[in-house]
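Structure file coords01.txt; described as compact mmCIF, C-alpha atoms.
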# COMPACT_ATOMS: atom_id res chain seq x y z
CA MET A 26 115.86 112.46 101.42
CA TYR A 27 113.60 109.78 99.98
CA VAL A 28 109.88 109.91 99.25
CA VAL A 29 107.48 106.97 99.39
CA THR A 30 103.93 107.28 98.08
CA GLY A 31 101.58 104.88 99.81
CA ALA A 32 101.93 102.85 103.00
CA GLY A 33 100.64 99.47 101.92
CA PRO A 34 102.88 96.41 102.32
CA VAL A 35 105.45 97.61 99.77
CA GLY A 36 105.54 101.30 100.66
CA TYR A 37 105.58 100.62 104.40
CA THR A 38 108.43 98.11 104.07
CA ILE A 39 110.51 100.42 101.86
CA ALA A 40 110.12 103.28 104.36
CA GLU A 41 110.97 100.95 107.23
CA GLN A 42 114.11 99.66 105.49
CA LEU A 43 115.28 103.12 104.43
CA ALA A 44 114.89 104.46 107.97
CA GLY A 45 116.72 101.41 109.29
CA LEU A 46 119.61 102.30 106.98
CA GLY A 47 119.70 105.81 108.47
CA HIS A 48 117.98 107.65 105.62
CA PRO A 49 115.29 110.32 106.18
CA VAL A 50 112.04 109.28 104.54
CA ARG A 51 108.87 111.17 103.72
CA VAL A 52 105.80 108.92 103.45
CA LEU A 53 102.88 110.42 101.54
CA THR A 54 99.37 109.09 102.14
CA ARG A 55 95.92 110.60 102.39
CA SER A 56 95.56 109.18 105.92
CA GLY A 57 98.98 110.08 107.31
CA SER A 58 99.92 106.44 107.95
CA GLY A 59 103.34 104.80 107.85
CA PRO A 60 106.06 103.43 110.13
CA ASP A 61 106.69 105.09 113.47
CA HIS A 62 110.37 106.02 113.31
CA PRO A 63 112.33 109.22 114.07
CA LEU A 64 113.54 109.36 110.46
CA VAL A 65 110.09 108.88 108.95
CA GLU A 66 107.99 111.96 108.26
CA LYS A 67 104.37 111.04 107.63
CA MET A 68 102.50 113.57 105.53
CA ARG A 69 98.86 113.79 104.50
CA VAL A 70 99.22 114.28 100.76
CA ASP A 71 97.07 113.35 97.80
CA ALA A 72 99.76 112.00 95.44
CA SER A 73 97.48 112.60 92.45
CA ASP A 74 97.43 116.36 93.15
CA PRO A 75 100.28 118.00 91.17
CA ASP A 76 100.65 120.98 93.51
CA GLN A 77 100.73 118.92 96.70
CA LEU A 78 103.10 116.39 95.21
CA LYS A 79 105.53 118.93 93.75
CA GLU A 80 106.00 120.47 97.18
CA ALA A 81 106.33 117.12 98.95
CA VAL A 82 108.88 115.75 96.45
CA ALA A 83 111.12 118.84 96.37
CA GLY A 84 114.65 117.89 97.40
CA ALA A 85 114.11 114.13 97.02
CA THR A 86 116.77 111.82 95.63
CA ALA A 87 114.29 109.08 94.75
CA VAL A 88 110.55 108.55 94.77
CA PHE A 89 109.16 105.07 95.41
CA HIS A 90 105.68 105.08 93.92
CA CYS A 91 103.72 102.34 95.69
CA ILE A 92 100.10 103.36 95.20
CA HIS A 93 97.68 101.02 93.46
CA GLY A 94 94.15 101.31 92.12
CA SER A 95 91.18 101.78 94.42
CA ALA A 96 89.71 98.47 93.23
CA TYR A 97 90.99 95.32 91.55
CA ARG A 98 89.20 96.17 88.32
CA ALA A 99 90.45 97.15 84.89
CA ALA A 100 88.10 100.14 84.78
CA ALA A 101 89.46 101.52 88.07
CA TRP A 102 93.05 100.98 86.96
CA ALA A 103 92.48 102.70 83.62
CA ALA A 104 90.80 105.67 85.28
CA GLU A 105 93.35 106.14 88.06
CA LEU A 106 96.80 104.70 87.44
CA PRO A 107 98.05 106.38 84.22
CA GLN A 108 97.19 109.87 85.46
CA ALA A 109 98.66 109.25 88.91
CA GLU A 110 101.92 107.97 87.45
CA GLN A 111 102.19 110.96 85.13
CA VAL A 112 101.81 113.33 88.09
CA VAL A 113 104.50 111.47 90.04
CA MET A 114 106.92 111.37 87.11
CA ASP A 115 106.35 115.07 86.37
CA ALA A 116 107.13 115.99 89.98
CA ALA A 117 110.16 113.69 90.09
CA ALA A 118 111.56 115.06 86.84
CA ALA A 119 111.25 118.61 88.19
CA ALA A 120 113.06 117.57 91.37
CA GLY A 121 115.73 115.57 89.56
CA ALA A 122 114.68 112.37 91.35
CA VAL A 123 114.44 108.84 89.99
CA VAL A 124 111.06 107.09 90.28
CA VAL A 125 111.10 103.43 91.30
CA PHE A 126 107.94 101.41 90.65
CA PRO A 127 106.95 97.98 91.94
CA GLU A 128 105.62 96.08 88.93
CA SER A 129 103.74 92.84 88.29
CA LEU A 130 104.11 90.05 85.74
CA TYR A 131 100.79 90.96 84.10
CA SER A 132 102.34 92.61 81.03
CA TYR A 133 104.38 89.53 80.04
CA SER A 134 103.00 88.35 76.72
CA GLU A 135 104.50 84.83 76.81
CA PRO A 136 103.81 83.70 80.38
CA GLU A 137 103.99 80.04 79.39
CA ARG A 138 107.76 80.52 79.18
CA ILE A 139 110.06 81.31 82.09
CA MET A 140 109.88 85.09 82.36
CA THR A 141 113.18 86.98 82.45
CA GLU A 142 114.18 90.63 82.29
CA SER A 143 114.43 90.34 78.49
CA SER A 144 111.05 88.67 77.95
CA HIS A 145 108.41 90.40 75.84
CA ARG A 146 106.05 92.68 77.77
CA GLU A 147 103.33 93.38 75.21
CA ALA A 148 100.18 91.82 76.71
CA ALA A 149 96.95 93.47 75.62
CA GLY A 150 93.46 93.82 77.04
CA GLY A 151 92.10 94.24 80.56
CA LYS A 152 94.45 94.66 83.49
CA ARG A 153 97.31 93.12 81.52
CA GLY A 154 97.07 95.75 78.81
CA ILE A 155 96.99 98.54 81.36
CA ARG A 156 100.26 97.34 82.89
CA THR A 157 101.80 97.24 79.39
CA ALA A 158 100.68 100.82 78.76
CA LEU A 159 102.10 101.99 82.09
CA LEU A 160 105.51 100.54 81.27
CA LYS A 161 105.43 102.25 77.87
CA ALA A 162 104.55 105.61 79.44
CA ARG A 163 107.46 105.27 81.87
CA ARG A 164 109.86 104.62 79.00
CA GLU A 165 108.64 107.70 77.16
CA HIS A 166 108.69 110.12 80.09
CA ALA A 167 111.54 112.55 80.74
CA ALA A 168 111.92 111.29 84.31
CA ASN A 169 114.39 108.54 85.13
CA THR A 170 112.48 105.43 86.17
CA VAL A 171 113.10 101.84 87.23
CA SER A 172 110.38 99.18 87.28
CA VAL A 173 111.04 96.23 89.59
CA VAL A 174 108.90 93.22 88.74
CA ALA A 175 107.69 90.83 91.44
CA GLY A 176 105.63 87.66 91.51
CA ASP A 177 102.63 87.29 93.80
CA PHE A 178 103.35 88.91 97.15
CA PHE A 179 103.75 87.26 100.52
CA GLY A 180 105.21 88.48 103.78
CA PRO A 181 104.37 90.72 106.75
CA ARG A 182 101.48 93.14 106.14
CA VAL A 183 100.47 91.35 102.94
CA LYS A 184 96.72 90.81 103.22
CA MET A 185 95.08 91.16 99.82
CA ALA A 186 97.03 88.46 97.97
CA HIS A 187 96.74 84.79 97.10
CA ALA A 188 99.37 84.03 99.74
CA GLY A 189 98.05 86.65 102.13
CA GLU A 190 95.05 86.65 104.42
CA ARG A 191 93.07 84.08 102.42
CA MET A 192 95.93 81.60 102.95
CA VAL A 193 97.25 82.47 106.42
CA THR A 194 93.94 82.82 108.27
CA PRO A 195 92.78 79.23 107.51
CA ILE A 196 96.24 77.92 108.43
CA LEU A 197 96.10 79.62 111.82
CA SER A 198 92.57 78.39 112.48
CA GLY A 199 93.23 74.82 111.30
CA LYS A 200 90.73 75.04 108.45
CA ARG A 201 90.86 73.78 104.87
CA LEU A 202 92.59 76.03 102.36
CA GLN A 203 91.03 76.73 99.00
CA PHE A 204 93.12 78.22 96.21
CA ILE A 205 92.10 79.06 92.65
CA GLY A 206 93.08 77.20 89.47
CA SER A 207 95.41 74.47 90.66
CA ALA A 208 97.22 73.91 93.94
CA ASN A 209 99.92 71.89 92.19
CA GLN A 210 101.36 74.11 89.46
CA PRO A 211 104.72 75.91 90.01
CA HIS A 212 104.22 79.60 90.69
CA SER A 213 106.59 82.44 91.55
CA PHE A 214 105.99 84.19 94.87
CA THR A 215 108.04 87.22 95.93
CA TYR A 216 108.75 88.07 99.57
CA VAL A 217 107.88 91.75 99.99
CA PRO A 218 111.00 92.65 102.05
CA ASP A 219 113.09 91.32 99.13
CA LEU A 220 111.15 93.50 96.69
CA ALA A 221 111.67 96.53 98.94
CA ALA A 222 115.40 95.88 99.24
CA SER A 223 115.79 95.55 95.47
CA MET A 224 113.87 98.77 94.82
CA ILE A 225 116.12 100.63 97.25
CA ALA A 226 119.24 99.13 95.64
CA ALA A 227 118.00 100.06 92.15
CA ALA A 228 117.42 103.67 93.20
CA GLY A 229 121.09 103.95 94.09
CA LYS A 230 122.41 102.55 90.80
CA PRO A 231 122.05 105.09 87.94
CA GLU A 232 123.36 102.46 85.52
CA VAL A 233 120.11 100.48 85.91
CA TRP A 234 117.74 103.43 85.60
CA ASN A 235 115.31 103.36 82.70
CA SER A 236 115.19 99.58 82.72
CA VAL A 237 113.05 96.74 84.03
CA LEU A 238 114.51 94.52 86.76
CA HIS A 239 113.21 91.48 88.63
CA ALA A 240 112.97 91.42 92.40
CA PRO A 241 114.96 88.57 93.99
CA THR A 242 112.51 85.69 93.90
CA GLY A 243 113.10 82.13 95.06
CA ALA A 244 112.44 78.98 93.08
CA ALA A 245 108.82 78.62 92.03
CA VAL A 246 106.65 76.57 94.39
CA THR A 247 103.08 75.36 94.18
CA GLN A 248 100.31 77.01 96.14
CA ARG A 249 100.18 73.86 98.23
CA GLU A 250 103.91 74.05 98.96
CA ILE A 251 103.88 77.68 100.06
CA ALA A 252 100.96 76.92 102.40
CA VAL A 253 102.79 73.94 103.89
CA ALA A 254 105.93 76.07 104.36
CA HIS A 255 103.96 78.67 106.33
CA ALA A 256 102.24 76.05 108.48
CA ARG A 257 105.54 74.32 109.19
CA ALA A 258 107.23 77.61 110.07
CA ALA A 259 104.50 78.28 112.63
CA GLY A 260 104.68 74.76 114.08
CA LEU A 261 101.17 73.95 112.89
CA THR A 262 99.73 70.85 111.26
CA THR A 263 99.90 70.47 107.50
CA PRO A 264 96.79 72.16 106.08
CA LYS A 265 94.29 70.40 103.86
CA VAL A 266 94.35 72.08 100.47
CA SER A 267 91.91 72.14 97.56
CA ALA A 268 91.39 74.36 94.54
CA VAL A 269 88.44 76.00 92.81
CA PRO A 270 88.54 74.90 89.13
CA GLY A 271 88.86 77.63 86.57
CA TRP A 272 85.53 76.82 84.95
CA VAL A 273 83.75 77.61 88.21
CA LEU A 274 85.26 81.09 88.39
CA ARG A 275 84.60 81.74 84.72
CA ALA A 276 80.97 80.72 85.15
CA ALA A 277 80.65 82.95 88.22
CA GLY A 278 82.16 85.77 86.19
CA LEU A 279 79.09 85.82 83.99
CA VAL A 280 77.14 87.41 86.85
CA SER A 281 79.88 88.78 89.14
CA THR A 282 82.28 91.56 88.17
CA ASP A 283 84.71 90.58 90.95
CA MET A 284 84.80 86.96 89.76
CA ARG A 285 85.23 88.08 86.16
CA GLU A 286 88.20 90.26 87.12
CA LEU A 287 89.74 87.36 89.01
CA ALA A 288 89.12 84.87 86.21
CA GLU A 289 91.01 87.12 83.78
CA LEU A 290 94.27 86.07 85.47
CA LEU A 291 93.46 82.37 85.87
CA TYR A 292 96.18 81.46 83.36
CA GLN A 293 98.66 82.27 86.13
CA PHE A 294 97.30 79.50 88.33
CA GLU A 295 96.21 76.81 85.89
CA ARG A 296 99.65 76.39 84.33
CA PRO A 297 103.26 76.97 85.42
CA PHE A 298 103.85 80.68 86.00
CA VAL A 299 107.54 81.17 86.66
CA MET A 300 109.91 84.15 86.71
CA ASP A 301 113.70 84.13 86.82
CA SER A 302 115.48 86.90 88.74
CA SER A 303 119.07 85.66 88.50
CA GLU A 304 120.29 88.49 86.23
CA SER A 305 118.85 91.22 88.47
CA GLN A 306 120.23 89.48 91.54
CA ARG A 307 123.68 89.62 89.95
CA ILE A 308 123.30 93.28 89.05
CA LEU A 309 121.98 94.34 92.46
CA GLY A 310 124.04 91.95 94.56
CA LEU A 311 120.97 90.55 96.31
CA ASP A 312 119.51 87.10 96.88
CA PRO A 313 115.98 86.04 97.86
CA THR A 314 115.27 85.24 101.49
CA PRO A 315 114.99 81.44 101.93
CA LEU A 316 111.34 80.39 102.08
CA PRO A 317 111.50 78.86 105.60
CA GLU A 318 112.91 82.12 107.00
CA ALA A 319 110.44 84.30 105.08
CA ALA A 320 107.51 82.11 106.14
CA ALA A 321 108.59 82.23 109.80
CA THR A 322 108.75 86.04 109.78
CA THR A 323 105.41 86.22 108.02
CA MET A 324 103.65 83.95 110.49
CA ALA A 325 105.19 85.77 113.45
CA TRP A 326 103.68 89.00 112.14
CA TRP A 327 100.28 87.41 111.65
CA ARG A 328 100.35 86.02 115.18
CA GLY A 329 101.04 89.49 116.50
CA ALA A 330 104.61 88.91 117.68
CA ASP A 331 105.89 91.52 115.22
CA ARG A 332 102.64 93.19 114.19
CA GLY A 333 103.34 96.91 114.48
CA ASN A 334 101.31 99.11 112.15
CA SER A 335 99.29 97.39 109.48
Hey, can you dump this file as structure tokens for me?
Amino acid sequence: MYVVTGAGPVGYTIAEQLAGLGHPVRVLTRSGSGPDHPLVEKMRVDASDPDQLKEAVAGATAVFHCIHGSAYRAAAWAAELPQAEQVVMDAAAAAGAVVVFPESLYSYSEPERIMTESSHREAAGGKRGIRTALLKARREHAANTVSVVAGDFFGPRVKMAHAGERMVTPILSGKRLQFIGSANQPHSFTYVPDLAASMIAAAGKPEVWNSVLHAPTGAAVTQREIAVAHARAAGLTTPKVSAVPGWVLRAAGLVSTDMRELAELLYQFERPFVMDSSESQRILGLDPTPLPEAAATTMAWWRGADRGNS
């Protein structure tokens, strides 16, 4: 039996894939959401509550911890994420289960270089420093863990992302797209079903536990190129694309907390921001879904042809 905490794009997709492979899955959320499938048990559980979680995780082979902060702010992350991960790892260790985490590129301390599994992850300050601290805590815990790093998300059910709702909605309505930083710098985007598949594969390979892997991720593309790929996949006209310069966001950050939090990660969009997943692909025996295929599936979901639960 497998346990998934959270039913956002990553958690939902992992549960869906596990059930499709014939595995019983227990999805833990406060709302009781998750895929509708005979092998999926949806439970109303507060994953930050040690007593509730210990009971829900008992008997699990692996726990996929896919819960994020309540807000995209360093203060919220610092207050919520370390404690929640400790509770999950404590429960998993007691159950003898491995914990698999989706992870971001935020902790990489030399992002101007192509980021590989062996790159330094020592970034400090703000949200980047919090991700660094979380990785350190995982290394030091008694539980077996695997962290699977992804680039910016795209795919079905992905809404709150640079290649999510803010990109797809204008494409579908024929309106101008506006990205941040630059629309013409290479950037790594990870298709969420590929991330889910790699997390499932990692859970079944004890030889990769207590390491950091990279989700299968295709060649870096610009924000303009990923938008064009989605429009083309949906048979729509090529969207007009522009970008908000970094100085505008930084200026807005002087009076807006949300803009300040966004501006903190502008380096990812003003310069090349590229990850390499070839070593993890070799280890896991997986390849990224080609962009045209991934974009077609994504746009079909947004149009409602494959919507299901969101």
Between CA of Phe298 in chain A and CA of Trp327 in chain A - distance in Å to one decimal: 26.8 Å
Separation of CA of Lys152 in chain A from CA of Gly243 in chain A, in Å and rounded to one decimal: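 Here the two named atoms are 25.3 Å from each other.
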10 Å contact set for Asp301 in chain A, all atoms listed in the file, chain neighbours under 3 positions out, as a list in words: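 Close residues of Asp301 in chain A: Ile139, Met140, Thr141, Glu142, Gly176, Ser213, His239, Ala240, Pro241, Thr242, Gly243, Ala244, Ala245, Glu304, Ser305 and Gln306 of chain A.
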Computed interatomic separation between CA of Arg296 in chain A and CA of Ala188 in chain A (Å):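 Between CA of Arg296 in chain A and CA of Ala188 in chain A the gap is 17.2 Å.
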Residue nearest Asp115 in chain A among A:Ala158, A:Leu43, A:Ala254, A:Ala167 (counting all atoms listed in the file): A:Ala167
Top pick for closest residue to His187 in chain A, considering A:Val125, A:Leu287, A:Leu64, A:Ala321 and counting all atoms listed in the file: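 For His187 in chain A, the nearest of the candidates is A:Leu287.
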Radius query 9 Å about (99.8, 112.2, 102.8), atoms used: all atoms listed in the file, as a PyMOL selection string: chain A and resi 30-31+52-58+67-72
Pick from A:Arg249, A:Pro231, A:Ala288, A:Pro218 nearest to Leu311 in chain A, counting only C-alpha atoms: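 Closest candidate: A:Pro218.
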Test item: residues at most 10 Å from range 103-107 of chain A, only C-alpha atoms, excluding those fewer than 2 positions along its chain, as a PyMOL selection string: chain A and resi 73+92-96+98-101+109-112+151-152+154-156+158-160+162-163
Shell of 12 Å around range 35-37 of chain A, all atoms listed in the file, local chain residues under 2 positions omitted, as a count of residues only: 59
Shell of 8 Å around Ala168 in chain A, all atoms listed in the file, local chain residues under 2 positions omitted, as a list in words: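 Close residues of Ala168 in chain A: Met114, Asp115, Ala117, Ala118, Gly121, Ala122, Val123, Val124, Arg163, His166 and Thr170 of chain A.
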Report, as AutoDock Vina command-line options, the axis-aligned box around all atoms of range 170-185 of chain A present in the file, extended by 6 Å on each side; give centre and edge lengths in Å to one decimal place.
--center_x 104.1 --center_y 96.3 --center_z 96.5 --size_x 30.0 --size_y 30.2 --size_z 32.6
Long-range neighbours of range 262-265 of chain A as a ChimeraX atom specification, 7 Å cut-off, all atoms listed in the file, 6 positions minimum in chain: /A:196,199,201-202,253,256
Neighbours of point (104.1, 75.4, 95.3) within 8 Å, using all atoms listed in the file, written as a ChimeraX atom specification: /A:208-212,245-252
Generate a file for range 135-210 of chain A, containing C-alpha atoms, as a CSV table (one decimal), in the first residue's frame.
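Printed below is out04.csv as written:
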chain,number,residue,atom,x,y,z
A,135,GLU,CA,25.3,27.9,-9.1
A,136,PRO,CA,22.2,28.2,-11.3
A,137,GLU,CA,24.2,30.0,-14.0
A,138,ARG,CA,25.6,26.5,-14.8
A,139,ILE,CA,23.7,23.5,-16.1
A,140,MET,CA,22.3,21.9,-13.0
A,141,THR,CA,23.0,18.2,-12.6
A,142,GLU,CA,22.4,15.7,-9.8
A,143,SER,CA,26.0,16.5,-8.5
A,144,SER,CA,25.6,20.3,-8.5
A,145,HIS,CA,26.0,22.2,-5.3
A,146,ARG,CA,22.7,22.8,-3.4
A,147,GLU,CA,23.7,25.4,-0.8
A,148,ALA,CA,21.7,28.5,-1.7
A,149,ALA,CA,20.9,30.7,1.2
A,150,GLY,CA,18.3,33.3,2.1
A,151,GLY,CA,14.5,33.4,1.4
A,152,LYS,CA,12.7,30.6,-0.2
A,153,ARG,CA,16.0,29.3,-1.7
A,154,GLY,CA,17.5,28.9,1.8
A,155,ILE,CA,14.4,27.1,3.1
A,156,ARG,CA,14.7,24.5,0.3
A,157,THR,CA,18.4,24.0,1.2
A,158,ALA,CA,17.5,23.5,4.9
A,159,LEU,CA,14.8,21.0,4.0
A,160,LEU,CA,17.2,18.9,1.9
A,161,LYS,CA,19.7,18.9,4.8
A,162,ALA,CA,17.0,17.8,7.3
A,163,ARG,CA,16.1,14.9,5.0
A,164,ARG,CA,19.7,13.8,4.9
A,165,GLU,CA,19.9,13.8,8.6
A,166,HIS,CA,16.7,12.0,9.4
A,167,ALA,CA,16.5,8.3,10.2
A,168,ALA,CA,13.9,7.8,7.5
A,169,ASN,CA,14.9,6.7,4.1
A,170,THR,CA,14.1,9.5,1.6
A,171,VAL,CA,14.5,10.4,-2.0
A,172,SER,CA,14.2,13.9,-3.4
A,173,VAL,CA,13.2,14.2,-7.1
A,174,VAL,CA,14.0,17.6,-8.5
A,175,ALA,CA,11.9,19.1,-11.3
A,176,GLY,CA,12.0,22.3,-13.3
A,177,ASP,CA,8.9,24.6,-13.5
A,178,PHE,CA,5.8,22.5,-13.8
A,179,PHE,CA,3.4,22.1,-16.8
A,180,GLY,CA,0.8,19.6,-17.6
A,181,PRO,CA,-2.8,18.6,-16.7
A,182,ARG,CA,-4.1,20.1,-13.4
A,183,VAL,CA,-1.1,22.5,-13.2
A,184,LYS,CA,-2.6,26.0,-12.5
A,185,MET,CA,-0.4,28.0,-10.3
A,186,ALA,CA,2.8,27.9,-12.4
A,187,HIS,CA,4.5,30.1,-15.0
A,188,ALA,CA,3.4,27.5,-17.7
A,189,GLY,CA,0.0,27.0,-16.0
A,190,GLU,CA,-3.1,29.0,-16.0
A,191,ARG,CA,-1.4,32.4,-16.6
A,192,MET,CA,-0.1,30.9,-19.9
A,193,VAL,CA,-2.9,28.6,-21.1
A,194,THR,CA,-5.8,30.9,-20.5
A,195,PRO,CA,-4.6,33.7,-22.8
A,196,ILE,CA,-3.7,31.1,-25.4
A,197,LEU,CA,-7.2,29.7,-25.4
A,198,SER,CA,-8.8,33.1,-25.5
A,199,GLY,CA,-6.5,34.5,-28.2
A,200,LYS,CA,-5.0,37.1,-26.0
A,201,ARG,CA,-1.4,38.4,-25.6
A,202,LEU,CA,0.8,36.5,-23.2
A,203,GLN,CA,2.9,38.2,-20.7
A,204,PHE,CA,5.8,36.4,-19.0
A,205,ILE,CA,8.3,37.7,-16.4
A,206,GLY,CA,12.0,38.4,-17.0
A,207,SER,CA,12.6,37.4,-20.6
A,208,ALA,CA,10.6,35.3,-23.0
A,209,ASN,CA,13.7,34.3,-24.9
A,210,GLN,CA,16.0,32.7,-22.4
